[in-house]
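Notes follow the structure.
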Amino acid sequence: MQNRKNLKILIAKPGLDGHDRGAKVVAQALKEAGMEVVYSGLHRTIEQIVTIAVQEDVDVIGLSIMTGAHIPITQKLFEKIKEKGIGDKIVFVGGVIPSGDISKLKELGVAGVFPGGTPLAETIQFLRSISKKG
Amino acid sequence: MAVARYIKDEKDQILDVILESGIHVKPSYSPKDLEAIGFSYEKDLADPGEYPYTRGIHALGYRSRAWTTRQYTGFGTPQETNERFKLMISHGQTGLNVAFDLPTQMGYDSDDPMSEGEVGRVGMAVDTLRDFEIAFKDIRLDKIGSGLTINAVASIMLAMYQAVAEKYGYDPKVISATPQNDILKEMIGRGAWIFPVEPAVKLIGDTIEYSMKVLPRTNPVSVCGYHIRESGATPAQEIACAILIANAYIDNVLARGYDVDAFVGRFSFNLNVFGNMWEQVAKFRAARKLWARNLKEKYNVKKPQNLFLRGLFGGGGYGLTKAQPENNIMRGAYYALVAALSGAQTTALCSYDEAYTIPTPHSALLSLRTLQLLMDEMGLRDTVDPLAGSYFIETLTKEMEQKIEEEMDNIEKFGGIIKGVSEGYIQRLVARQAFEVEKGLESGELQKVGVNIYKEGESMEVELHEYNWESAEKQIESLRAVKRERSEKDVARTLKELESATKDGKNVMPYLVECCKAYASVGEMAGIFRQIFGEFNEPSLF
């Protein structure tokens with residue numbers, strides 16, 4: 001964890017899907033909770049997301065995925081962050097995630113999974129506990 | 001998601017109800033309320049089929065014709081989609097509503113690296129005319145209309161629909177397509193935009209101009225308040241945005257020198273049904289009135305039938321919950337009731353499993369049956385606008401009308417809808433609203449069954465629609481086969497002509513039709529637009 005007061009988080013929308021209500025709500029909630037938030041905007045490739053993560057020097061990357069492609073997308077993110085030498089970043093995932101896939105995402109290295117309908121407080125709590133651990 | 005803010009005392013008595021659009025509901029209504037708002041039957045309502053059409057656009061409503069049911073369908077390969085279309089038609093569905101996969105919506109071919117993992121996932125993959133030939137095989141294109149849920153490249157898909165119809169021997173004059181084709185709403189919600197605002201709106205103008213001449217039964221634009229509402233807008237903002245967006249498209253075509261009466265009658269609307277049911281009914285009634293008045297007073301539209309707000313009222317996706325998914329079946333039934341009480345011409349419901357996945361045949365059929373039950377079993381065809389004359393509904397309709405006008409004024413004051421979308425003003429407004437709703441749900445001020453009240457009960461496993469990697473590979477293989485078989489000379493020539501026409505600012509539609517007929521791919525056609533127009537620069541929100 002970087003030596004700064006507030007946690008810095010990238011909320012990213014990978015792929016072609018443009019359903020961003022959830023991502024924007026989470027971004028606003030984290031901001032209101034005192035965290036620093038960078039929003040990627042839509043239609044980002046994993047390469048672009050990793051570049052933003054490096055440039056902005058974020059502590060955490062949050063992926064919002066609604067299309068069902070969360071497993072291959074997350075896999076690819078982990079490959080790329082390792083390649084770029086930022087494999088230590090914390091990754092969390094939100095969106096339309098069937099409960100059966102939560103353990104699969106965690107096996108890939110995802111620290112927290114927050115499917116649609118998760119209370120915002122839960123996501124905030126998760127990020128605060130991470131920052132304390134760091 | 002939740003339908004109103006309830007202010008209660010410690011005994012659970014309701015002290016005040018504040019609807020999403022900001023209207024306070026009173027404990028009861030009487031003739032005095034109608035008097036207070038200056039209600040006039042002639043001016044505010046008039047008979048069904050009479051201006052300002054508050055009560056409906058047809059004198060006999062569902063007596064003359066039940067609504068068209070148009071469940072959103074499409075996945076995997078064109079072959080799988082064709083089978084699902086036929087299944088839904090055999091169940092009595094009366095129109096098609098084609099779902100395209102994201103690569104198609106974003107103008108990429110199935111073999112593009114950008115498409116990886118998304119081919120056929122949330123809709124049907126379309127690369128070339130060959131795919132439409134398979135998808136629409138044995139479907140009577142002169143009898144059944146097709147909604148094409150696509151926006152950024154709607155011009156390409158409309159051209160392809162004409163090409164497939166001609167291939168199967170239909171005169172373009174008899175086919176009826178309803179491409180969604182509303183790019184400004186994509187920039188506010190849903191996000192399937194490609195090109196910058198100006199050329200994107202110009203492409204929509206092209207489809208309207210072209211339809212006027214070549215595809216007279218086609219509805220070239222379906223203006224969507226729907227997705228703006230899904231993204232967080234209030235019902236009043238939903239309608240305000242929809243009317244202003246429609247006006248932006250009208251202005252584009254008027255600037256080409258056409259008479260408004262020559263095209264505006266083919267506009268249709270796609271509006272949302274979730275939320276407080278009274279507020280929705282009032283919203284639809286007020287929307288019909290405001291749209292007619294807007295056309296008559298602002299644009300001097302002459303023909304009465306061109307003043308009609310014809311619409312698909314349905315969906316309700318944001319109202320559905322992941323928690324206790326079977327509850328969504330009941331929610332869908334109430335949403336459909338709202339649509340019927342509001343005089344929808346066309347309807348469709350989100351299926352109960354849509355918070356998880358694209359619908360299974362079973363859940364799609366349940367949605368269709370829900371709609372059929374209302375028309376054929378519950379008496380919704382008996383009489384037009386059955387809630388008319390209710391002290392409450394008429395007062396609320398008038399209040400909604402005022403709220404919608406206020407929201408329109410706010411956007412106009414900012415500088416209009418085009419500026420509002422280009423600079424992110426509307427997007428910020430909608431995102432803020434979405435956040436307020438979530439906060440309301442967390443504080444308990446807004447209530448949602450299964451989410452923050454009545455949470456007990458068993459969770460349920462939903463049958464998931466699995467992504468089929470094999471289908472994706474099949475699709476890519478089929479694209480390669482088409483590319484091997486087609487005449488490269490014809491493809492190069494038609495694409496070159498499209499490129500010059502685009503650069504010269506001509507109407508691109510006839511050129512797109514020729515490209516489609518030569519089996520040029522969606523990615524090739526959209527690639528030309530990308531190269532010439534560039535891409536929309538999403539305004540930063542935070």
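Naming scheme: A, B, ... for chains in displayed order of the structure tokens; residues 1 onward per chain; ligands 1 onward as shown.
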Distance limit 8 Å, atoms considered: only C-alpha atoms. Which chain A residues sit that close to chain B? Return them as number ranges by chain.
A: 15-21, 24-25, 28-29, 38-39, 41-42, 45, 67-69, 72, 96-98, 116-117, 119-120
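For the pair atom CA of Ala255 of chain B and atom CA of Glu514 of chain B, the interatomic distance is 26.2 Å.
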Going by DSSP on the backbone, which residues of chain A come out as strand (DSSP E)? List them as a ChimeraX atom specification.
/A:8-12,36-39,60-65,90-95,112-115
Excluding Gly49 of chain B and residues on its chain fewer than 3 positions from it, collect all residues at most 12 Å away from it, counting only C-alpha atoms, and give them as a PyMOL selection string.
chain B and resi 45-46+52-61+64+288-289+292+304-305+307-309+343+384-385
Write down as an mmCIF file with N, CA and C atoms, in the first residue's frame the residues of chain A whose backbone DSSP state falls under helix (DSSP H, G or I).
data_model
loop_
_atom_site.group_PDB
_atom_site.id
_atom_site.type_symbol
_atom_site.label_atom_id
_atom_site.label_comp_id
_atom_site.auth_asym_id
_atom_site.auth_seq_id
_atom_site.Cartn_x
_atom_site.Cartn_y
_atom_site.Cartn_z
ATOM 1 N N ARG A 21 -24.272 2.179 -14.861
ATOM 2 C CA ARG A 21 -24.954 2.720 -13.681
ATOM 3 C C ARG A 21 -24.254 2.266 -12.404
ATOM 4 N N GLY A 22 -24.003 0.963 -12.322
ATOM 5 C CA GLY A 22 -23.391 0.392 -11.124
ATOM 6 C C GLY A 22 -22.002 0.960 -10.875
ATOM 7 N N ALA A 23 -21.198 1.015 -11.932
ATOM 8 C CA ALA A 23 -19.823 1.507 -11.781
ATOM 9 C C ALA A 23 -19.832 2.947 -11.283
ATOM 10 N N LYS A 24 -20.733 3.747 -11.831
ATOM 11 C CA LYS A 24 -20.776 5.160 -11.438
ATOM 12 C C LYS A 24 -21.314 5.324 -10.009
ATOM 13 N N VAL A 25 -22.253 4.474 -9.634
ATOM 14 C CA VAL A 25 -22.773 4.546 -8.262
ATOM 15 C C VAL A 25 -21.667 4.186 -7.275
ATOM 16 N N VAL A 26 -20.941 3.114 -7.564
ATOM 17 C CA VAL A 26 -19.860 2.698 -6.668
ATOM 18 C C VAL A 26 -18.792 3.794 -6.603
ATOM 19 N N ALA A 27 -18.459 4.364 -7.763
ATOM 20 C CA ALA A 27 -17.444 5.433 -7.785
ATOM 21 C C ALA A 27 -17.868 6.587 -6.878
ATOM 22 N N GLN A 28 -19.135 6.977 -6.962
ATOM 23 C CA GLN A 28 -19.614 8.088 -6.128
ATOM 24 C C GLN A 28 -19.605 7.719 -4.650
ATOM 25 N N ALA A 29 -19.977 6.468 -4.365
ATOM 26 C CA ALA A 29 -20.024 6.035 -2.962
ATOM 27 C C ALA A 29 -18.622 6.029 -2.354
ATOM 28 N N LEU A 30 -17.637 5.546 -3.105
ATOM 29 C CA LEU A 30 -16.270 5.479 -2.580
ATOM 30 C C LEU A 30 -15.713 6.887 -2.365
ATOM 31 N N LYS A 31 -16.054 7.767 -3.307
ATOM 32 C CA LYS A 31 -15.608 9.162 -3.168
ATOM 33 C C LYS A 31 -16.182 9.773 -1.901
ATOM 34 N N GLU A 32 -17.487 9.523 -1.699
ATOM 35 C CA GLU A 32 -18.135 10.098 -0.531
ATOM 36 C C GLU A 32 -17.568 9.513 0.755
ATOM 37 N N ILE A 46 -8.157 -4.227 -21.594
ATOM 38 C CA ILE A 46 -7.399 -4.527 -20.378
ATOM 39 C C ILE A 46 -6.058 -3.784 -20.403
ATOM 40 N N GLU A 47 -5.440 -3.710 -21.579
ATOM 41 C CA GLU A 47 -4.166 -2.980 -21.705
ATOM 42 C C GLU A 47 -4.345 -1.528 -21.252
ATOM 43 N N GLN A 48 -5.434 -0.896 -21.729
ATOM 44 C CA GLN A 48 -5.675 0.507 -21.356
ATOM 45 C C GLN A 48 -5.906 0.638 -19.856
ATOM 46 N N ILE A 49 -6.640 -0.308 -19.281
ATOM 47 C CA ILE A 49 -6.929 -0.246 -17.840
ATOM 48 C C ILE A 49 -5.635 -0.364 -17.041
ATOM 49 N N VAL A 50 -4.780 -1.283 -17.446
ATOM 50 C CA VAL A 50 -3.516 -1.470 -16.721
ATOM 51 C C VAL A 50 -2.640 -0.228 -16.864
ATOM 52 N N THR A 51 -2.643 0.369 -18.044
ATOM 53 C CA THR A 51 -1.871 1.604 -18.246
ATOM 54 C C THR A 51 -2.372 2.708 -17.308
ATOM 55 N N ILE A 52 -3.704 2.842 -17.222
ATOM 56 C CA ILE A 52 -4.247 3.860 -16.301
ATOM 57 C C ILE A 52 -3.818 3.548 -14.865
ATOM 58 N N ALA A 53 -3.889 2.269 -14.495
ATOM 59 C CA ALA A 53 -3.531 1.870 -13.124
ATOM 60 C C ALA A 53 -2.080 2.248 -12.810
ATOM 61 N N VAL A 54 -1.200 2.057 -13.795
ATOM 62 C CA VAL A 54 0.217 2.391 -13.590
ATOM 63 C C VAL A 54 0.381 3.906 -13.512
ATOM 64 N N GLN A 55 -0.193 4.602 -14.501
ATOM 65 C CA GLN A 55 -0.046 6.061 -14.554
ATOM 66 C C GLN A 55 -0.592 6.743 -13.317
ATOM 67 N N GLU A 56 -1.756 6.280 -12.871
ATOM 68 C CA GLU A 56 -2.422 6.924 -11.737
ATOM 69 C C GLU A 56 -1.908 6.388 -10.406
ATOM 70 N N HIS A 70 -16.943 -12.224 -17.196
ATOM 71 C CA HIS A 70 -16.068 -11.818 -16.081
ATOM 72 C C HIS A 70 -14.850 -12.723 -15.891
ATOM 73 N N ILE A 71 -14.986 -14.017 -16.176
ATOM 74 C CA ILE A 71 -13.845 -14.918 -15.945
ATOM 75 C C ILE A 71 -12.704 -14.624 -16.938
ATOM 76 N N PRO A 72 -12.956 -14.687 -18.263
ATOM 77 C CA PRO A 72 -11.840 -14.395 -19.169
ATOM 78 C C PRO A 72 -11.271 -12.985 -18.998
ATOM 79 N N ILE A 73 -12.121 -11.995 -18.722
ATOM 80 C CA ILE A 73 -11.633 -10.616 -18.576
ATOM 81 C C ILE A 73 -10.714 -10.504 -17.358
ATOM 82 N N THR A 74 -11.143 -11.111 -16.243
ATOM 83 C CA THR A 74 -10.353 -11.018 -15.015
ATOM 84 C C THR A 74 -9.024 -11.766 -15.161
ATOM 85 N N GLN A 75 -9.103 -12.919 -15.820
ATOM 86 C CA GLN A 75 -7.884 -13.687 -16.088
ATOM 87 C C GLN A 75 -6.858 -12.822 -16.811
ATOM 88 N N LYS A 76 -7.362 -12.146 -17.821
ATOM 89 C CA LYS A 76 -6.489 -11.322 -18.652
ATOM 90 C C LYS A 76 -5.899 -10.159 -17.836
ATOM 91 N N LEU A 77 -6.709 -9.597 -16.955
ATOM 92 C CA LEU A 77 -6.206 -8.493 -16.128
ATOM 93 C C LEU A 77 -5.019 -8.948 -15.290
ATOM 94 N N PHE A 78 -5.172 -10.135 -14.668
ATOM 95 C CA PHE A 78 -4.080 -10.619 -13.820
ATOM 96 C C PHE A 78 -2.807 -10.871 -14.631
ATOM 97 N N GLU A 79 -2.970 -11.423 -15.836
ATOM 98 C CA GLU A 79 -1.785 -11.631 -16.688
ATOM 99 C C GLU A 79 -1.083 -10.300 -16.940
ATOM 100 N N LYS A 80 -1.881 -9.294 -17.281
ATOM 101 C CA LYS A 80 -1.301 -7.997 -17.673
ATOM 102 C C LYS A 80 -0.676 -7.259 -16.493
ATOM 103 N N ILE A 81 -1.331 -7.315 -15.324
ATOM 104 C CA ILE A 81 -0.735 -6.560 -14.209
ATOM 105 C C ILE A 81 0.584 -7.207 -13.782
ATOM 106 N N LYS A 82 0.654 -8.532 -13.905
ATOM 107 C CA LYS A 82 1.922 -9.204 -13.572
ATOM 108 C C LYS A 82 2.993 -8.779 -14.570
ATOM 109 N N GLU A 83 2.600 -8.775 -15.837
ATOM 110 C CA GLU A 83 3.521 -8.375 -16.901
ATOM 111 C C GLU A 83 4.086 -6.976 -16.652
ATOM 112 N N SER A 99 -23.585 -16.555 -8.459
ATOM 113 C CA SER A 99 -22.911 -16.933 -7.209
ATOM 114 C C SER A 99 -21.899 -18.060 -7.416
ATOM 115 N N GLY A 100 -22.176 -18.942 -8.371
ATOM 116 C CA GLY A 100 -21.253 -20.048 -8.635
ATOM 117 C C GLY A 100 -19.883 -19.598 -9.125
ATOM 118 N N ASP A 101 -19.814 -18.384 -9.642
ATOM 119 C CA ASP A 101 -18.542 -17.917 -10.201
ATOM 120 C C ASP A 101 -17.687 -17.154 -9.189
ATOM 121 N N ILE A 102 -18.258 -16.877 -8.016
ATOM 122 C CA ILE A 102 -17.513 -16.071 -7.050
ATOM 123 C C ILE A 102 -16.223 -16.784 -6.623
ATOM 124 N N SER A 103 -16.346 -18.095 -6.342
ATOM 125 C CA SER A 103 -15.149 -18.821 -5.906
ATOM 126 C C SER A 103 -14.142 -18.921 -7.048
ATOM 127 N N LYS A 104 -14.637 -19.042 -8.265
ATOM 128 C CA LYS A 104 -13.708 -19.109 -9.411
ATOM 129 C C LYS A 104 -12.917 -17.801 -9.529
ATOM 130 N N LEU A 105 -13.608 -16.681 -9.330
ATOM 131 C CA LEU A 105 -12.918 -15.388 -9.409
ATOM 132 C C LEU A 105 -11.892 -15.266 -8.285
ATOM 133 N N LYS A 106 -12.264 -15.752 -7.101
ATOM 134 C CA LYS A 106 -11.340 -15.655 -5.970
ATOM 135 C C LYS A 106 -10.098 -16.518 -6.202
ATOM 136 N N GLU A 107 -10.315 -17.680 -6.854
ATOM 137 C CA GLU A 107 -9.161 -18.525 -7.180
ATOM 138 C C GLU A 107 -8.193 -17.813 -8.119
ATOM 139 N N LEU A 108 -8.751 -16.977 -8.987
ATOM 140 C CA LEU A 108 -7.892 -16.221 -9.908
ATOM 141 C C LEU A 108 -7.079 -15.154 -9.177
ATOM 142 N N LEU A 120 -23.753 -0.886 -0.655
ATOM 143 C CA LEU A 120 -22.532 -0.088 -0.856
ATOM 144 C C LEU A 120 -21.634 -0.149 0.377
ATOM 145 N N ALA A 121 -22.267 -0.185 1.553
ATOM 146 C CA ALA A 121 -21.505 -0.201 2.800
ATOM 147 C C ALA A 121 -20.558 -1.401 2.840
ATOM 148 N N GLU A 122 -20.997 -2.499 2.247
ATOM 149 C CA GLU A 122 -20.186 -3.713 2.264
ATOM 150 C C GLU A 122 -18.906 -3.521 1.441
ATOM 151 N N THR A 123 -19.048 -2.893 0.288
ATOM 152 C CA THR A 123 -17.892 -2.634 -0.573
ATOM 153 C C THR A 123 -16.937 -1.660 0.119
ATOM 154 N N ILE A 124 -17.509 -0.638 0.730
ATOM 155 C CA ILE A 124 -16.682 0.362 1.419
ATOM 156 C C ILE A 124 -15.927 -0.296 2.574
ATOM 157 N N GLN A 125 -16.640 -1.112 3.345
ATOM 158 C CA GLN A 125 -16.050 -1.823 4.476
ATOM 159 C C GLN A 125 -14.888 -2.699 4.026
ATOM 160 N N PHE A 126 -15.113 -3.398 2.925
ATOM 161 C CA PHE A 126 -14.072 -4.275 2.364
ATOM 162 C C PHE A 126 -12.817 -3.469 2.040
ATOM 163 N N LEU A 127 -13.001 -2.327 1.371
ATOM 164 C CA LEU A 127 -11.843 -1.536 0.959
ATOM 165 C C LEU A 127 -11.124 -0.934 2.169
ATOM 166 N N ARG A 128 -11.894 -0.558 3.187
ATOM 167 C CA ARG A 128 -11.268 -0.008 4.401
ATOM 168 C C ARG A 128 -10.433 -1.070 5.098
ATOM 169 N N SER A 129 -10.949 -2.305 5.146
ATOM 170 C CA SER A 129 -10.215 -3.361 5.847
ATOM 171 C C SER A 129 -8.932 -3.685 5.089
ATOM 172 N N ILE A 130 -8.992 -3.630 3.764
ATOM 173 C CA ILE A 130 -7.807 -3.859 2.945
ATOM 174 C C ILE A 130 -6.753 -2.815 3.267
ATOM 175 N N SER A 131 -7.216 -1.566 3.349
ATOM 176 C CA SER A 131 -6.250 -0.485 3.530
ATOM 177 C C SER A 131 -5.583 -0.595 4.904
ATOM 178 N N LYS A 132 -6.324 -1.086 5.893
ATOM 179 C CA LYS A 132 -5.737 -1.270 7.222
ATOM 180 C C LYS A 132 -4.672 -2.350 7.198
ATOM 181 N N LYS A 133 -4.980 -3.421 6.459
ATOM 182 C CA LYS A 133 -4.029 -4.524 6.359
ATOM 183 C C LYS A 133 -2.717 -4.032 5.792
#
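With only C-alpha atoms as the atoms that count, the residue of B:Phe100, B:Ile139, B:Met212, B:Ile14 with the shortest distance to Lys26 of chain B is B:Ile14.
Using only C-alpha atoms, the protein and nucleic acid residues lying no more than 10 Å from Arg70 of chain B, apart from those fewer than 4 places from it along its own chain, are Met88, Ile89, Gln93, Thr94, Gly95, Leu96, Asn97, Val98, Gly145, Ser146, Gly147, Leu312, Gly314, Thr346, Thr347, Ala348, Leu349 and Leu368 of chain B.
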With N, CA and C atoms retained, could you export that selection as a PDB file, in the first residue's frame?
ATOM      1  N   MET B  88     -40.898 -18.231 -30.643  1.00  0.00           N
ATOM      2  CA  MET B  88     -41.706 -17.158 -30.060  1.00  0.00           C
ATOM      3  C   MET B  88     -42.921 -16.857 -30.956  1.00  0.00           C
ATOM      4  N   ILE B  89     -42.725 -16.912 -32.266  1.00  0.00           N
ATOM      5  CA  ILE B  89     -43.851 -16.678 -33.177  1.00  0.00           C
ATOM      6  C   ILE B  89     -44.891 -17.796 -33.014  1.00  0.00           C
ATOM      7  N   GLN B  93     -46.316 -14.675 -30.433  1.00  0.00           N
ATOM      8  CA  GLN B  93     -45.695 -13.351 -30.420  1.00  0.00           C
ATOM      9  C   GLN B  93     -45.928 -12.697 -31.787  1.00  0.00           C
ATOM     10  N   THR B  94     -46.175 -11.362 -31.770  1.00  0.00           N
ATOM     11  CA  THR B  94     -46.612 -10.718 -33.002  1.00  0.00           C
ATOM     12  C   THR B  94     -45.576  -9.801 -33.643  1.00  0.00           C
ATOM     13  N   GLY B  95     -44.430  -9.657 -33.025  1.00  0.00           N
ATOM     14  CA  GLY B  95     -43.356  -8.868 -33.626  1.00  0.00           C
ATOM     15  C   GLY B  95     -42.033  -9.409 -33.135  1.00  0.00           C
ATOM     16  N   LEU B  96     -40.959  -9.089 -33.854  1.00  0.00           N
ATOM     17  CA  LEU B  96     -39.644  -9.529 -33.389  1.00  0.00           C
ATOM     18  C   LEU B  96     -38.900  -8.344 -32.792  1.00  0.00           C
ATOM     19  N   ASN B  97     -37.972  -8.644 -31.926  1.00  0.00           N
ATOM     20  CA  ASN B  97     -37.162  -7.601 -31.308  1.00  0.00           C
ATOM     21  C   ASN B  97     -35.757  -8.180 -31.214  1.00  0.00           C
ATOM     22  N   VAL B  98     -34.921  -7.810 -32.162  1.00  0.00           N
ATOM     23  CA  VAL B  98     -33.649  -8.499 -32.326  1.00  0.00           C
ATOM     24  C   VAL B  98     -32.574  -7.943 -31.394  1.00  0.00           C
ATOM     25  N   GLY B 145     -43.169  -7.350 -38.157  1.00  0.00           N
ATOM     26  CA  GLY B 145     -42.203  -6.244 -38.069  1.00  0.00           C
ATOM     27  C   GLY B 145     -41.050  -6.635 -37.163  1.00  0.00           C
ATOM     28  N   SER B 146     -39.901  -6.026 -37.393  1.00  0.00           N
ATOM     29  CA  SER B 146     -38.740  -6.361 -36.577  1.00  0.00           C
ATOM     30  C   SER B 146     -38.138  -5.131 -35.925  1.00  0.00           C
ATOM     31  N   GLY B 147     -38.052  -5.168 -34.611  1.00  0.00           N
ATOM     32  CA  GLY B 147     -37.275  -4.164 -33.888  1.00  0.00           C
ATOM     33  C   GLY B 147     -35.813  -4.569 -33.985  1.00  0.00           C
ATOM     34  N   LEU B 312     -43.435   1.662 -27.471  1.00  0.00           N
ATOM     35  CA  LEU B 312     -43.230   0.436 -26.733  1.00  0.00           C
ATOM     36  C   LEU B 312     -43.083   0.879 -25.283  1.00  0.00           C
ATOM     37  N   GLY B 314     -42.566  -0.768 -21.806  1.00  0.00           N
ATOM     38  CA  GLY B 314     -42.313  -2.104 -21.271  1.00  0.00           C
ATOM     39  C   GLY B 314     -40.986  -2.203 -20.557  1.00  0.00           C
ATOM     40  N   THR B 346     -47.069  -1.199 -28.250  1.00  0.00           N
ATOM     41  CA  THR B 346     -46.205  -2.367 -28.292  1.00  0.00           C
ATOM     42  C   THR B 346     -45.672  -2.569 -26.885  1.00  0.00           C
ATOM     43  N   THR B 347     -45.412  -3.816 -26.538  1.00  0.00           N
ATOM     44  CA  THR B 347     -44.868  -4.053 -25.211  1.00  0.00           C
ATOM     45  C   THR B 347     -43.914  -5.241 -25.213  1.00  0.00           C
ATOM     46  N   ALA B 348     -43.159  -5.330 -24.149  1.00  0.00           N
ATOM     47  CA  ALA B 348     -42.245  -6.444 -23.929  1.00  0.00           C
ATOM     48  C   ALA B 348     -41.885  -6.378 -22.460  1.00  0.00           C
ATOM     49  N   LEU B 349     -41.550  -7.498 -21.883  1.00  0.00           N
ATOM     50  CA  LEU B 349     -41.169  -7.492 -20.474  1.00  0.00           C
ATOM     51  C   LEU B 349     -39.761  -8.037 -20.319  1.00  0.00           C
ATOM     52  N   LEU B 368     -44.072 -13.574 -22.110  1.00  0.00           N
ATOM     53  CA  LEU B 368     -45.053 -13.452 -23.196  1.00  0.00           C
ATOM     54  C   LEU B 368     -46.454 -13.808 -22.695  1.00  0.00           C
TER      55      LEU B 368
END
Please identify all polymer residues within 9 Å of Ala111 of chain A, counting only C-alpha atoms, omitting same-chain residues fewer than 6 positions from it, and present them as a short mmCIF file (atom, residue, chain, number, x, y, z; two decimals) with C-alpha atoms, in the first residue's frame.
data_model
loop_
_atom_site.label_atom_id
_atom_site.label_comp_id
_atom_site.auth_asym_id
_atom_site.auth_seq_id
_atom_site.Cartn_x
_atom_site.Cartn_y
_atom_site.Cartn_z
CA ILE A 90 -5.72 -5.45 -5.09
CA VAL A 91 -8.48 -6.41 -7.52
CA PHE A 92 -12.21 -6.50 -6.86
CA VAL A 93 -15.08 -7.28 -9.24
CA LEU A 105 -12.92 -15.39 -9.41
#
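All residues of protein, DNA or RNA that reach within 9 Å of Asp206 of chain B, judged by only C-alpha atoms and not counting those fewer than 4 positions away in the chain, are B:Ser155, B:Val201, B:Lys202, B:Tyr210, B:Ser211, B:Val253, B:Lys506, B:Asn507, B:Val508, B:Met509.
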Go ahead and write the selection's residues with C-alpha atoms as a short mmCIF file (atom, residue, chain, number, x, y, z; two decimals), in the first residue's frame.
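What follows is the written file again12.cif:
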data_model
loop_
_atom_site.label_atom_id
_atom_site.label_comp_id
_atom_site.auth_asym_id
_atom_site.auth_seq_id
_atom_site.Cartn_x
_atom_site.Cartn_y
_atom_site.Cartn_z
CA SER B 155 -27.84 2.65 -40.42
CA VAL B 201 -26.90 12.42 -35.27
CA LYS B 202 -26.27 12.95 -38.98
CA TYR B 210 -33.92 7.40 -46.63
CA SER B 211 -36.88 5.64 -44.99
CA VAL B 253 -33.98 16.34 -41.06
CA LYS B 506 -24.09 12.49 -48.72
CA ASN B 507 -26.83 10.26 -47.36
CA VAL B 508 -24.94 7.00 -46.76
CA MET B 509 -27.94 4.66 -46.83
#
Which residues, written as a PyMOL selection string, have at least one atom at most 10 Å from Phe263 of chain B, with only C-alpha atoms counted and residues fewer than 6 positions away on the same chain left out?
chain B and resi 208-209+211-213+216+219-220+250+253-254+306
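Put simply, atom CA of Thr395 of chain B is 8.3 Å away from atom CA of Tyr29 of chain B.
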